[in-house]
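Participant: The structure that follows is given in the form of structure tokens.
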Amino acid sequence: MRHGNYSDNIETVDWKVLKLLWPYLWEFKKRVLIAIFCLIFAKIASVSLPFILKYIVDDLDSYQLKSMELIVAPISLILAYGLVRFSNVLLGEIRDTLFGRVTERAIRRVGLEVFQHLHQLELDFHLTRRTGGLSRDIERGTSGISFLLRFMIFNIVPTLLEIALVIVLLLINYGWDFATVTFGSIATYIAFSFVATEWRTKFIREANKADSSSNFRAIDSLLNYETVKYFTNEDYEAERYDTELEKWEWAKRKSRLSLFALNSGQALIIAIAMTSMMILAANRVLADLMTIGDFVLINAFMMQLFLPLNFLGFVYREIKGSMANIEQMFTLLGYKPKVTDSPNAEFLSSNDSSISFSKVFFRYHTERPILNDISFTVKPGQKVAVVGPSGAGKSTLVKLLFRFYDVSEGSITVGGKDIRHLSQYSLRQSIGIVPQDTVLFNDTIIENIRYGRPNATDEEVLNAIRHAHLDHFIKELPDGVNTLVGERGLKLSGGEKQRVAIARTILKRPPILVFDEATSSLDSKSEQAILNALKEIAQGYTSLVIAHRLSTIVDADKIIVLEQGRIVEEGNHQELLLNKKLYAHLWETQQSERK
């Protein structure tokens with residue numbers, strides 16, 4: 001499976017997307033069938049209009065109309081013409097109204113499925129994705145479904161049906177020459193449109209790719225607004241963004257020029273076809289083999305055919321683009337998550353809170369080992385801390401425990417059950433985490449905390465706020481708990497975000513608590529207050545603490561010391577100090593820094 005810029009994976013537009021969309025359409029089979037019947041009857045009405053027009057013209061041209069008594073006939077035909085034309089439009093509106101619901105539901109279903117699928121993909125995919133380009137691909141894909149379903153079914157198919165009816169009627173009523181010219185011109189038009197559109201699809205794809213890249217560049221830069229300002233790189237960012245926009249501009253220019261060539265060729269074919277049919281009809285009229293009404297009928301047929309056929313060229317171009325966009329979106333659905341539930345995955349009981357790492361090896365890539373032969377146990381109710389230098393693999397333990405990745409070798413058990421045999425949902429429901437880097441939603445403080453348990457009452461949320469020592473800070477805010485935290489929580493300081501994360505975990509109240517350097521962004525006073533709160537809520541719970549500040553874990557039942565992915569020491573605080581090895585060295589270093 002490949003990650004990264006998956007836009008490059010699409011080389012051709014595959015018509016199989018129609019097959020992929022069919023199940024979403026068939027949910028409303030009755031609506032689809034009624035819409036198809038309306039389509040057929042509308043086309044029959046459309047084809048009958050030139051015949052009614054012919055009889056009107058012939059009657060008006062007849063010498064018999066010198067007698068006023070016979071004027072009733074053309075008036076009746078005119079009224080019939082108006083009724084048939086109205087029926088044609090009405091049937092089309094009914095068809096569009098019925099199918100609108102089908103299209104909207106299909107877009108909803110596909111959009112939801114893609115969204116859910118993206119959440120099922122493993123962490124590795126999301127670490128390498130381009131969020132801006134990804135969102136634009138989904139947006140274009142859902143828009144493409146709307147266009148494809150509407151115009152493919154209600155423009156291309158009806159037009160082809162009408163062409164077939166007209167050719168048969170011309171053959172029966174006026175001979176093979178009229179039918180041959182019509183068929184030949186339409187076949188030439190469609191063939192030219194197909195070849196030319198295939199040629200320019202690559203320019204559409206280039207423009208889409210450049211559009212996604214420029215959108216990604218803009219979003220990535222704006223999300224890192226502060227970093228840009230820190231390094232005064234506004235001009236550098238603008239230059240990089242403009243480079244992407246330049247690629248988009250050139251791609252759009254090539255697309256526009258190729259569109260000019262396509263439209264010009266189509267116009268030439270239509271002009272030749274119309275002229276040829278008019279010459280044939282005029283010669284028949286002059287030879288007294290056809291009436292003026294027949295001439296009008298043929299002219300009406302050609303106008304009636306080539307107007308939608310001219311539109312068909314546009315529709316086909318757009319459908320090709322839409323199908324490329326839809327295929328891009330379905331490519332996302334094609335990615336198979338590396339971490340999946342086993343067929344008979346068990347549900348983890350809330351009472352199961354022991355954790356055990358047994359001979360765990362892990363590597364992100366073959367040439368990059370991270371953890372080597374890690375074994376330790378956290379008994380129910382115990383507090384176990386993991387410490388060590390940066391890059392020792394401490395946070396990787398948390399990712400493995402949450403099953404963001406699966407171990408390369410060995411096993412991790414919770415409640416005595418291998419987590420690979422547990423449902424991911426029940427496993428993660430049983431673990432609460434205060435991460436090192438807290439990212440919040442662009443919502444209010446109260447809703448960000450409620451995210452820990454979405455069905456929690458306001459009183460429960462406020463109680464979690466008090467336990468996290470957030471209440472004093474919130475009282476100072478003009479909007480209190482309804483204060484918006486901004487994109488990714490940028491309106492709050494690191495310590496404030498950390499306390500929001502702690503309150504969120506307190507609200508969740510899982511049997512296992514994980515603290516990944518949870519107090520790293522707090523000052524000493526706040527740290528002590530939070531530690532007291534954490535100690536209070538952690539009583540009776542299983543706790544795994546990833547720590548940088550050793551002063552925060554001196555009360556741990558057991559401390560695991562990691563170095564270069566291996567366990568080099570194990571024991572409580574006093575035992576490790578007496579060993580006078582790595583832990584004692586780290587402790588002395590940090591104590592001297594605090595003086």
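In the structure tokens, chains take the letters A, B, ... in the order shown, each chain's residues start at 1, and ligands count up from 1 in the order shown.
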Give me the residues within 10 Å of A:Thr188 as a ChimeraX atom specification, counting only C-alpha atoms and dropping any in the same chain fewer than 6 places off.
Facilitator: /A:182,194,266,269-270,273
Participant: For the selection just defined, write its residues with C-alpha atoms to a file, as a PDB file, in the first residue's frame.
Facilitator:
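Final output, part.pdb:
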ATOM      1  CA  THR A 182     -27.489  11.931 -39.742  1.00  0.00           C
ATOM      2  CA  PHE A 194     -14.221  11.104 -27.378  1.00  0.00           C
ATOM      3  CA  GLN A 266     -17.364  20.132 -32.856  1.00  0.00           C
ATOM      4  CA  ILE A 269     -18.859  18.970 -37.754  1.00  0.00           C
ATOM      5  CA  ILE A 270     -22.271  20.413 -36.800  1.00  0.00           C
ATOM      6  CA  ALA A 273     -23.979  18.129 -41.078  1.00  0.00           C
TER       7      ALA A 273
END
Participant: Considering only C-alpha atoms, give me a table of residues in stretch 168-272 of chain A that are at most 12 Å from stretch 25-48 of chain A, with the closest atom pair and distance in Å for each, as a tab-separated table.
Facilitator:
residue	atom	partner	partner_atom	distance
A:Val168	CA	A:Val47	CA	11.3
A:Leu169	CA	A:Val47	CA	9.3
A:Leu170	CA	A:Val47	CA	11.3
Participant: What lies within 9 Å of stretch 208-218 of chain A using only C-alpha atoms, ignoring chain neighbours under 3 positions off, as an NGL selection string?
Facilitator: :A and (7-8 or 130-137 or 203-205 or 221-223 or 237-238 or 240-249 or 251 or 325)
Participant: For the residues in the current selection, export C-alpha atoms as a PDB file, in the first residue's frame.
Facilitator:
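So the final result, stored in part_7.pdb, reads:
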ATOM      1  CA  SER A   7      -2.956  11.792  -6.692  1.00  0.00           C
ATOM      2  CA  ASP A   8      -0.142  10.467  -8.835  1.00  0.00           C
ATOM      3  CA  ARG A 130      -1.758  16.112   2.954  1.00  0.00           C
ATOM      4  CA  THR A 131      -4.848  17.386   4.747  1.00  0.00           C
ATOM      5  CA  GLY A 132      -5.616  20.224   2.326  1.00  0.00           C
ATOM      6  CA  GLY A 133      -5.280  18.042  -0.765  1.00  0.00           C
ATOM      7  CA  LEU A 134      -7.257  15.268   0.911  1.00  0.00           C
ATOM      8  CA  SER A 135     -10.201  17.522   1.766  1.00  0.00           C
ATOM      9  CA  ARG A 136     -10.209  18.961  -1.762  1.00  0.00           C
ATOM     10  CA  ASP A 137     -10.257  15.442  -3.265  1.00  0.00           C
ATOM     11  CA  PHE A 203      -4.690  18.563 -18.589  1.00  0.00           C
ATOM     12  CA  ILE A 204      -7.718  18.394 -16.258  1.00  0.00           C
ATOM     13  CA  ARG A 205      -5.824  15.957 -14.056  1.00  0.00           C
ATOM     14  CA  SER A 221       1.271  27.361   6.100  1.00  0.00           C
ATOM     15  CA  LEU A 222      -1.755  28.852   7.863  1.00  0.00           C
ATOM     16  CA  LEU A 223      -1.903  26.009  10.406  1.00  0.00           C
ATOM     17  CA  GLU A 237       5.800  30.943   2.218  1.00  0.00           C
ATOM     18  CA  ALA A 238       4.258  33.293  -0.341  1.00  0.00           C
ATOM     19  CA  ARG A 240       6.251  28.567  -2.303  1.00  0.00           C
ATOM     20  CA  TYR A 241       2.501  29.133  -2.585  1.00  0.00           C
ATOM     21  CA  ASP A 242       2.953  31.144  -5.783  1.00  0.00           C
ATOM     22  CA  THR A 243       5.100  28.346  -7.249  1.00  0.00           C
ATOM     23  CA  GLU A 244       2.169  25.959  -6.775  1.00  0.00           C
ATOM     24  CA  LEU A 245      -0.262  28.534  -8.196  1.00  0.00           C
ATOM     25  CA  GLU A 246       1.991  28.953 -11.239  1.00  0.00           C
ATOM     26  CA  LYS A 247       1.755  25.214 -11.924  1.00  0.00           C
ATOM     27  CA  TRP A 248      -2.037  25.491 -11.615  1.00  0.00           C
ATOM     28  CA  GLU A 249      -2.099  28.495 -13.971  1.00  0.00           C
ATOM     29  CA  ALA A 251      -2.282  23.550 -16.322  1.00  0.00           C
ATOM     30  CA  ASN A 325     -12.490  13.089  -9.251  1.00  0.00           C
TER      31      ASN A 325
END
Participant: Would you please work out which residue, of A:Asn455, A:Ser193, A:Gln424, A:Ser185, is nearest to A:Phe347 when using only C-alpha atoms?
Facilitator: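 Answer, going by the shortest atom-to-atom distance: A:Gln424.
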Participant: From the options A:Val568, A:Ala392, A:Ala179, A:Leu123, which residue's atoms come nearest to A:Lys338, counting only C-alpha atoms?
Facilitator: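 Among the listed residues, the smallest separation from A:Lys338 belongs to A:Leu123.
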Participant: Out of A:Met274, A:Ala501, A:Val285, A:Ala191, which residue has the shortest atom-to-atom distance to A:Met302 when counting only C-alpha atoms?
Facilitator: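 Of all the options, A:Met274 lies closest to A:Met302.
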Participant: Write out as a ChimeraX atom specification each polymer residue whose atoms come within 9 Å of A:Val110, counting only C-alpha atoms; drop sequence neighbours fewer than 3 positions from it.
Facilitator: /A:21,24,105-107,113-115,142,330
Participant: Those residues you just picked out, can you put them in a file as a PDB file, in the first residue's frame with N, CA and C atoms?
Facilitator:
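The resulting file, out37.pdb, is shown below:
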ATOM      1  N   LEU A  21     -20.923   3.038  -7.955  1.00  0.00           N
ATOM      2  CA  LEU A  21     -21.998   3.930  -7.500  1.00  0.00           C
ATOM      3  C   LEU A  21     -23.365   3.252  -7.513  1.00  0.00           C
ATOM      4  N   TYR A  24     -25.497   2.554  -4.356  1.00  0.00           N
ATOM      5  CA  TYR A  24     -26.018   3.756  -3.696  1.00  0.00           C
ATOM      6  C   TYR A  24     -27.290   4.262  -4.393  1.00  0.00           C
ATOM      7  N   ARG A 105     -28.923  11.407  -1.599  1.00  0.00           N
ATOM      8  CA  ARG A 105     -28.661  10.314  -0.669  1.00  0.00           C
ATOM      9  C   ARG A 105     -27.361   9.582  -1.031  1.00  0.00           C
ATOM     10  N   ALA A 106     -27.106   9.422  -2.335  1.00  0.00           N
ATOM     11  CA  ALA A 106     -25.862   8.763  -2.761  1.00  0.00           C
ATOM     12  C   ALA A 106     -24.648   9.570  -2.306  1.00  0.00           C
ATOM     13  N   ILE A 107     -24.714  10.896  -2.464  1.00  0.00           N
ATOM     14  CA  ILE A 107     -23.607  11.755  -2.029  1.00  0.00           C
ATOM     15  C   ILE A 107     -23.402  11.628  -0.524  1.00  0.00           C
ATOM     16  N   GLU A 113     -19.162   7.292   4.125  1.00  0.00           N
ATOM     17  CA  GLU A 113     -18.320   6.088   4.063  1.00  0.00           C
ATOM     18  C   GLU A 113     -16.847   6.457   3.968  1.00  0.00           C
ATOM     19  N   VAL A 114     -16.522   7.477   3.153  1.00  0.00           N
ATOM     20  CA  VAL A 114     -15.130   7.915   3.029  1.00  0.00           C
ATOM     21  C   VAL A 114     -14.638   8.478   4.361  1.00  0.00           C
ATOM     22  N   PHE A 115     -15.489   9.289   5.003  1.00  0.00           N
ATOM     23  CA  PHE A 115     -15.129   9.890   6.291  1.00  0.00           C
ATOM     24  C   PHE A 115     -14.848   8.810   7.334  1.00  0.00           C
ATOM     25  N   THR A 142     -17.397  14.282  -4.225  1.00  0.00           N
ATOM     26  CA  THR A 142     -18.844  14.345  -3.968  1.00  0.00           C
ATOM     27  C   THR A 142     -19.542  15.230  -4.996  1.00  0.00           C
ATOM     28  N   PHE A 330     -12.691   7.341  -4.492  1.00  0.00           N
ATOM     29  CA  PHE A 330     -12.816   5.909  -4.254  1.00  0.00           C
ATOM     30  C   PHE A 330     -11.448   5.250  -4.025  1.00  0.00           C
TER      31      PHE A 330
END
Participant: Figure out the distance between atom CA of A:Asp288 and atom CA of A:Ile272, please, to one decimal in Å.
Facilitator: 24.6 Å
Participant: Given the choices A:Val434, A:Leu49, A:Leu148, A:Ile506, which gets closest to A:Gln304 if the distance is worked out from only C-alpha atoms?
Facilitator: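 Nearest to A:Gln304: A:Leu49.
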Participant: For the strand (DSSP E) assignment from backbone DSSP, which residues of stretch 422-456 of chain A qualify? Please present them as a PyMOL selection string.
Facilitator: chain A and resi 431-434
Participant: Taking the DSSP assignment computed from this structure's backbone, write out as a PyMOL selection string all residues of stretch 14-235 of chain A that belong to alpha helix (DSSP H).
Facilitator: chain A and resi 17-25+29-61+72-120+123-128+131-147+157-174+176-223+225-230+234-235
Participant: Determine, counting only C-alpha atoms, which protein, DNA and RNA residues have an atom within 10 Å of an atom of A:Glu122; residues of the same chain fewer than 2 positions away are not included. Present the result as a PyMOL selection string.
Facilitator: chain A and resi 118-120+124-127+336-340+403-406
Participant: When you count only C-alpha atoms, which of these residues is closest to A:Arg284: A:His117, A:Tyr174, A:Phe192, A:Val157?
Facilitator: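 Looking at the shortest contact to A:Arg284, the residue is A:Tyr174.
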Participant: Please measure the separation of atom CA of A:Ile502 and atom CA of A:Gln116, giving the value in Å to one decimal.
Facilitator: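 Going from atom CA of A:Ile502 over to atom CA of A:Gln116, I get 26.8 Å.
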Participant: Taking into account only C-alpha atoms, which residue in the set A:Pro158, A:Gly391, A:Pro510, A:Gly480 is nearest to A:Ser349?
Facilitator: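 Among the listed residues, A:Pro510 lies closest to A:Ser349.
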Participant: Quick one: residues within 12 Å of A:Leu171, only C-alpha atoms, excluding same-chain residues fewer than 4 positions away - as a list in words?
Facilitator: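 My reading of the contact set: Ala164, Leu165, Val166, Ile167, Gly175, Trp176, Asp177, Phe178, Ala179, Thr180, Val181, Thr182, Phe183 and Ile298 of chain A.
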Participant: Considering only C-alpha atoms, return as a list in words whatever protein or nucleic-acid residues lie within 8 Å of A:Met278, sequence-local ones (same chain, fewer than 3 positions apart) excluded.
Facilitator: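 Listing them by chain and then by number gives Met274, Thr275, Ala281, Ala282, Phe295, Ile298 and Asn299 of chain A.
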Participant: For atom CA of A:Ala196 and atom CA of A:Ile326, determine how far apart the two atoms are, in Å to one decimal place.
Facilitator: 21.0 Å
Participant: Give one line per residue of stretch 408-476 of chain A that approaches stretch 527-551 of chain A to at most 8 Å, naming the two atoms of the closest pair and their distance in Å to one decimal, counting only C-alpha atoms; sort by chain then ascending residue number and deliver it as CSV.
Facilitator:
residue,atom,partner,partner_atom,distance
A:His467,CA,A:Ala533,CA,6.1
A:Ala468,CA,A:Ile530,CA,6.5
A:His469,CA,A:Ile530,CA,7.0
